[in-house]
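A.B. asks: The structure under discussion is supplied below as structure tokens; questions concerning it will follow.
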Amino acid sequence: MNFDFSDEQQQLREAVEQFLAKEYPFERRAAILRSGAGWDPAVWQGLAQLGVTAINVPAALGGLGYGAMETLVLMSACGPRLLLEPVLSSAVIATTLLRELAGAAPPDGAAAELLRALARGAQIAVVAHFEPGARFDTQRVETRARRTGAGAGSGYRLDGRKSVVVHAGSADILLVSARTRGDASDPEGVSLFALPRTTPGVKLIEYTNVDGQRAADVHLEEALVAESTRLGTEGEALGAIEAAFDFGLAALCAEAVGIMQGLIEATVEYLRTRQQFGQPIGRFQALQHRVAEMIMHLEQSRSMSYLAALRCTAADLGERRRALSAAKVVIGEAARFVGQQAVQLHGGMGMTDELAVSHHFKRLTAIEILLGDGDAHLERYAALARD
């Protein structure tokens, strides 16, 4: 199989890398991290002008109409820069979810209009789906949407909790899943609602994750919304939600590979310049062997990220999830090894905020948990293998 990138994909990588090298040095990220917002709208607009926000939007809706491999290229290029802006949460996961709904039968016009806004960078949307106690189970939804009113005045009342919604505080629109029928774990009966973040009855409890990215728990308490806020057919949103998170999982794997690449490059440069006993410590064979092991883990991870990208849109649900779970487990183990080795090889400085190494390690730690940790994906892979 040919894994060479096309000329167009190479141009995308180069454009993103050049933009971030100029506009997102480590010092600027540190300043953004210290700010109250935790992200930079100016950077977001620059990414939008570059086409990043339009990458997964169909061309008919003002986007670039790209797919999983282009998203892999994007995320691996963004990885070393540790962007605090909502590329994964909005430009990948939320956009993919809306694309699924806009292309469904019948297509959802509201989803299509929101996609146009996302493509321009005019709005940010994030998915509020996972709930306390669900343990990465996408099917478990306890948040309820109950019918209110009748006729032209009909709508819904939403009550429930959503946990660890990354970039919820910077989003214009929350894509909230809620059950309109059935029990908590039924595969049917889940609907999706597009709620402005300032909707009465929607409360955000914000905090900063270990990697510096902002997140929030979303509390829905008698949030009264119009029927027009529902996207797609009532009770049939779960398939699109799961497809979006599968696509996002492949993107997350690609980001981890990009971060590991950056970590290894920084470590090699440090070993070349750090002197001990009158020579660079990179000449010590024991340290060379440790770097070689780091590179082996990276290359294994790169192969698995390609597999994840190639399978993340497969029609066969079992095939798709086996590949994604395998990739998440392998890349999670590699990220832990590469991150720990990079910190140790930098000595005491590797743990300080002054060096990018510690921030890379923190992001890899967060990635290990996002969208299912290694144990959860091992369990899922084992269950799929038995079927």
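So you can find residues: chains in the structure tokens are A, B, ... in the order shown, residues in each start at 1, and ligands are numbered from 1 in order.
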Among stretch 116-196 of chain A, which ones does DSSP place in alpha helix (DSSP H), written as a PyMOL selection string?

C.D. replies: chain A and resi 116-120

A.B. asks: Print the selection's residues with N, CA and C atoms to a file, as a compact mmCIF listing (two decimals), in the first residue's frame.

C.D. replies:
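After the write, out_2.txt holds the following:
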```txt
# COMPACT_ATOMS: atom_id res chain seq x y z
N ARG A 116 -21.71 26.01 7.22
CA ARG A 116 -21.21 27.16 6.46
C ARG A 116 -20.52 28.15 7.40
N ALA A 117 -21.13 28.38 8.56
CA ALA A 117 -20.55 29.31 9.53
C ALA A 117 -19.24 28.77 10.10
N LEU A 118 -19.19 27.47 10.35
CA LEU A 118 -17.97 26.87 10.87
C LEU A 118 -16.86 26.93 9.84
N ALA A 119 -17.18 26.71 8.58
CA ALA A 119 -16.18 26.75 7.52
C ALA A 119 -15.50 28.11 7.44
N ARG A 120 -16.26 29.18 7.66
CA ARG A 120 -15.71 30.54 7.61
C ARG A 120 -14.97 30.92 8.88
```

A.B. asks: So that each row is one residue of stretch 55-106 of chain A with an atom at most 10 Å from stretch 27-46 of chain A, can you give its shortest atom pair and the distance in Å to one decimal, using only C-alpha atoms, rows by chain and rising number, as JSON lines?

C.D. replies:
```
{"residue": "A:Arg81", "atom": "CA", "partner": "A:Arg29", "partner_atom": "CA", "distance": 8.3}
{"residue": "A:Leu82", "atom": "CA", "partner": "A:Arg29", "partner_atom": "CA", "distance": 8.0}
{"residue": "A:Leu83", "atom": "CA", "partner": "A:Arg29", "partner_atom": "CA", "distance": 7.5}
{"residue": "A:Leu84", "atom": "CA", "partner": "A:Trp39", "partner_atom": "CA", "distance": 5.5}
{"residue": "A:Glu85", "atom": "CA", "partner": "A:Trp39", "partner_atom": "CA", "distance": 5.3}
{"residue": "A:Pro86", "atom": "CA", "partner": "A:Trp44", "partner_atom": "CA", "distance": 8.3}
{"residue": "A:Val87", "atom": "CA", "partner": "A:Trp44", "partner_atom": "CA", "distance": 8.6}
```

A.B. asks: Go ahead and save the residues from that selection, with C-alpha atoms, as a PDB file, in the first residue's frame.

C.D. replies:
```
ATOM      1  CA  ARG A  81       2.764  23.184  18.548  1.00  0.00           C
ATOM      2  CA  LEU A  82       0.241  22.054  21.203  1.00  0.00           C
ATOM      3  CA  LEU A  83      -2.557  24.321  19.995  1.00  0.00           C
ATOM      4  CA  LEU A  84      -4.952  25.506  22.674  1.00  0.00           C
ATOM      5  CA  GLU A  85      -7.539  26.462  20.052  1.00  0.00           C
ATOM      6  CA  PRO A  86     -10.519  24.131  19.312  1.00  0.00           C
ATOM      7  CA  VAL A  87      -9.180  22.411  16.193  1.00  0.00           C
TER       8      VAL A  87
END
```

A.B. asks: DSSP on the backbone, then: every residue of stretch 62-240 of chain A marked strand (DSSP E or B), written as a ChimeraX atom specification.

C.D. replies: /A:125-128,144-148,155-166,173-179,190-196,202-208,214-226,230-231,236

A.B. asks: Give the answer as one residue: which of A:Ala254, A:Leu61, A:Arg13, A:Leu371 has the shortest atom-to-atom distance to A:Val166, using only C-alpha atoms?

C.D. replies: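 With only C-alpha atoms as the atom set, the closest residue is A:Leu371.
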
A.B. asks: Using only C-alpha atoms, can you tell me which of A:Thr229, A:Thr313, A:Ser76, A:Gln11 comes closest to A:Gln261?

C.D. replies: A:Ser76
